[in-house]
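First comes the structure, then the notes that go with it.
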Amino acid sequence: MAAAVTTADASSAVKQVAIPRKQVSSTPGLGVQLLTAGTAACIGDLCTFPLDTVKVRLQVQGEGGAMAAQGRGIVGTLFSIAKHEGPKALYSGIVPGLQRQMAFSAIELGHTSLSGTSTWR
């Protein structure tokens, strides 16, 4: 596609010059797709990881039969961990989780782009 530019010279004749436009691909490259998919998955994991930590604590608490800590629920356990161990304890073990999310999102994107179907249907 070319853009037309109209110019006027000294003799008042109108002259059109075609300037070629660079064609821009509508889809980003594979590297950009992998990076954005991995970043989105990591952001999601950062938001949900404290809840996963609380879930594991509650599961272990149920197996151990610790009666003193029972009845706190999700919110109570969340605040208890943050109060007694610090907020950083809610993100304990986040690095392997982020690595897993990057790898899984790349595998999912590769599978989707090769097969044309999503596994999430």
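Chain lettering (A, B, ...) mirrors the order of the structure tokens, residue numbering begins at 1 for each chain separately, and ligand numbering begins at 1 in order of display.
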Going by DSSP on the backbone, which bits of stretch 11-84 of chain A are strand (DSSP E or B)? Write them as a tab-separated table (two decimals) with N, CA, C and O atoms, in the first residue's frame, please.
```tsv
chain	number	residue	atom	x	y	z
A	14	VAL	N	0.01	20.24	-10.03
A	14	VAL	CA	-0.06	19.32	-8.91
A	14	VAL	C	0.61	18.02	-9.32
A	14	VAL	O	0.32	17.46	-10.37
A	15	LYS	N	1.51	17.58	-8.48
A	15	LYS	CA	2.26	16.37	-8.76
A	15	LYS	C	2.07	15.40	-7.61
A	15	LYS	O	2.21	15.78	-6.45
A	16	GLN	N	1.72	14.14	-7.91
A	16	GLN	CA	1.54	13.15	-6.88
A	16	GLN	C	2.74	12.21	-6.88
A	16	GLN	O	3.16	11.73	-7.92
A	17	VAL	N	3.25	11.99	-5.67
A	17	VAL	CA	4.38	11.09	-5.49
A	17	VAL	C	3.92	9.96	-4.58
A	17	VAL	O	3.36	10.20	-3.51
A	18	ALA	N	4.16	8.72	-4.99
A	18	ALA	CA	3.76	7.57	-4.18
A	18	ALA	C	4.91	7.20	-3.25
A	18	ALA	O	6.03	6.99	-3.68
A	19	ILE	N	4.60	7.16	-1.96
A	19	ILE	CA	5.59	6.76	-0.95
A	19	ILE	C	5.19	5.36	-0.47
A	19	ILE	O	4.10	5.19	0.07
A	20	PRO	N	6.05	4.38	-0.68
A	20	PRO	CA	5.69	3.02	-0.25
A	20	PRO	C	5.68	2.92	1.28
A	20	PRO	O	6.52	3.48	1.95
```
Could you build a table of the residues in stretch 87-106 of chain A lying no more than 12 Å from stretch 71-78 of chain A, giving for each the nearest pair of atoms and their separation in Å rounded to one decimal place, using only C-alpha atoms, ordered by chain and ascending residue number, as a tab-separated table?
```
residue	atom	partner	partner_atom	distance
A:Pro87	CA	A:Leu78	CA	9.3
A:Lys88	CA	A:Leu78	CA	11.8
A:Ala89	CA	A:Leu78	CA	10.1
A:Leu90	CA	A:Leu78	CA	7.9
A:Tyr91	CA	A:Leu78	CA	11.5
```
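Going from atom CA of A:His84 over to atom CA of A:Cys42, you cover 26.7 Å.
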task = Find the spatial neighbours of stretch 47-49 of chain A, counting only C-alpha atoms, within a cut-off of 10 Å - ignore same-chain residues fewer than 6 positions away - and output them as a PyMOL selection string.
result = chain A and resi 55+90-94+97-98
Residues within 12 Å of A:Gly110, only C-alpha atoms, excluding chain neighbours under 4 positions, as number ranges by chain = A: 30-31, 33-34, 37-38, 103-106, 114-119
Mind writing the picked residues with all heavy atoms as a compact mmCIF listing (two decimals), in the first residue's frame?
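Saved to result.txt:
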```
# COMPACT_ATOMS: atom_id res chain seq x y z
N LEU A 30 7.23 -15.25 17.45
CA LEU A 30 7.14 -16.32 18.45
C LEU A 30 7.81 -15.91 19.76
O LEU A 30 7.30 -16.18 20.84
CB LEU A 30 7.76 -17.61 17.91
CG LEU A 30 7.71 -18.81 18.85
CD1 LEU A 30 6.26 -19.17 19.15
CD2 LEU A 30 8.46 -19.98 18.26
N GLY A 31 8.95 -15.24 19.68
CA GLY A 31 9.64 -14.81 20.89
C GLY A 31 8.80 -13.87 21.73
O GLY A 31 8.74 -13.99 22.96
N GLN A 33 5.52 -13.64 21.65
CA GLN A 33 4.39 -14.41 22.16
C GLN A 33 4.79 -15.22 23.39
O GLN A 33 4.05 -15.27 24.38
CB GLN A 33 3.83 -15.33 21.08
CG GLN A 33 3.12 -14.61 19.97
CD GLN A 33 2.61 -15.57 18.91
OE1 GLN A 33 2.76 -16.78 19.01
NE2 GLN A 33 2.02 -15.02 17.87
N LEU A 34 5.95 -15.88 23.33
CA LEU A 34 6.40 -16.67 24.47
C LEU A 34 6.66 -15.79 25.69
O LEU A 34 6.31 -16.15 26.82
CB LEU A 34 7.67 -17.44 24.11
CG LEU A 34 7.51 -18.59 23.12
CD1 LEU A 34 8.87 -19.18 22.76
CD2 LEU A 34 6.60 -19.66 23.68
N ALA A 37 3.23 -14.48 27.07
CA ALA A 37 2.47 -15.57 27.71
C ALA A 37 3.11 -15.95 29.04
O ALA A 37 2.41 -16.15 30.04
CB ALA A 37 2.41 -16.78 26.78
N GLY A 38 4.43 -16.04 29.07
CA GLY A 38 5.13 -16.36 30.31
C GLY A 38 4.96 -15.29 31.37
O GLY A 38 4.76 -15.59 32.55
N ALA A 103 7.64 -22.26 31.82
CA ALA A 103 7.77 -23.44 30.98
C ALA A 103 6.41 -23.92 30.48
O ALA A 103 6.24 -24.22 29.29
CB ALA A 103 8.47 -24.56 31.76
N PHE A 104 5.43 -23.99 31.37
CA PHE A 104 4.11 -24.48 30.98
C PHE A 104 3.44 -23.56 29.98
O PHE A 104 2.76 -24.03 29.06
CB PHE A 104 3.22 -24.67 32.20
CG PHE A 104 3.54 -25.89 33.02
CD1 PHE A 104 2.90 -26.12 34.20
CD2 PHE A 104 4.49 -26.81 32.61
CE1 PHE A 104 3.18 -27.24 34.97
CE2 PHE A 104 4.80 -27.93 33.36
CZ PHE A 104 4.13 -28.14 34.55
N SER A 105 3.58 -22.26 30.15
CA SER A 105 2.95 -21.34 29.20
C SER A 105 3.61 -21.44 27.84
O SER A 105 2.94 -21.35 26.81
CB SER A 105 2.99 -19.90 29.72
OG SER A 105 4.32 -19.43 29.79
N ALA A 106 4.93 -21.67 27.80
CA ALA A 106 5.61 -21.84 26.52
C ALA A 106 5.16 -23.14 25.84
O ALA A 106 4.91 -23.17 24.63
CB ALA A 106 7.12 -21.86 26.72
N LEU A 114 0.95 -24.94 17.04
CA LEU A 114 1.22 -26.05 16.11
C LEU A 114 -0.06 -26.80 15.74
O LEU A 114 -0.25 -27.17 14.58
CB LEU A 114 2.23 -27.02 16.72
CG LEU A 114 3.66 -26.50 16.81
CD1 LEU A 114 4.54 -27.54 17.49
CD2 LEU A 114 4.21 -26.18 15.43
N SER A 115 -0.93 -27.02 16.71
CA SER A 115 -2.12 -27.82 16.44
C SER A 115 -3.32 -26.97 16.03
O SER A 115 -4.25 -27.48 15.43
CB SER A 115 -2.48 -28.67 17.65
OG SER A 115 -2.93 -27.84 18.69
N GLY A 116 -3.30 -25.71 16.39
CA GLY A 116 -4.42 -24.84 16.07
C GLY A 116 -5.57 -24.95 17.05
O GLY A 116 -6.59 -24.30 16.90
N THR A 117 -5.44 -25.79 18.07
CA THR A 117 -6.49 -25.92 19.08
C THR A 117 -5.89 -25.70 20.46
O THR A 117 -4.74 -25.98 20.70
CB THR A 117 -7.13 -27.33 19.05
OG1 THR A 117 -6.12 -28.30 19.31
CG2 THR A 117 -7.78 -27.59 17.71
N SER A 118 -6.72 -25.22 21.35
CA SER A 118 -6.28 -24.99 22.72
C SER A 118 -6.62 -26.20 23.59
O SER A 118 -7.62 -26.87 23.34
CB SER A 118 -6.96 -23.75 23.28
OG SER A 118 -6.62 -23.59 24.64
N THR A 119 -5.81 -26.46 24.59
CA THR A 119 -6.12 -27.55 25.51
C THR A 119 -7.13 -27.13 26.55
O THR A 119 -7.58 -27.95 27.33
CB THR A 119 -4.83 -28.02 26.22
OG1 THR A 119 -4.25 -26.92 26.91
CG2 THR A 119 -3.84 -28.59 25.24
```
task = Please report, as a VMD selection string, each residue of stretch 76-120 of chain A to which DSSP assigns helix (DSSP H, G or I) when run on this structure's backbone.
result = chain A and resid 76 to 84 87 to 91 94 to 115
inquiry  = Using only C-alpha atoms, can you tell me which of A:Asp45, A:Gln23, A:Gln59, A:Leu35 comes closest to A:Val95?
reply    =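 Smallest separation from A:Val95 among the options: A:Asp45.
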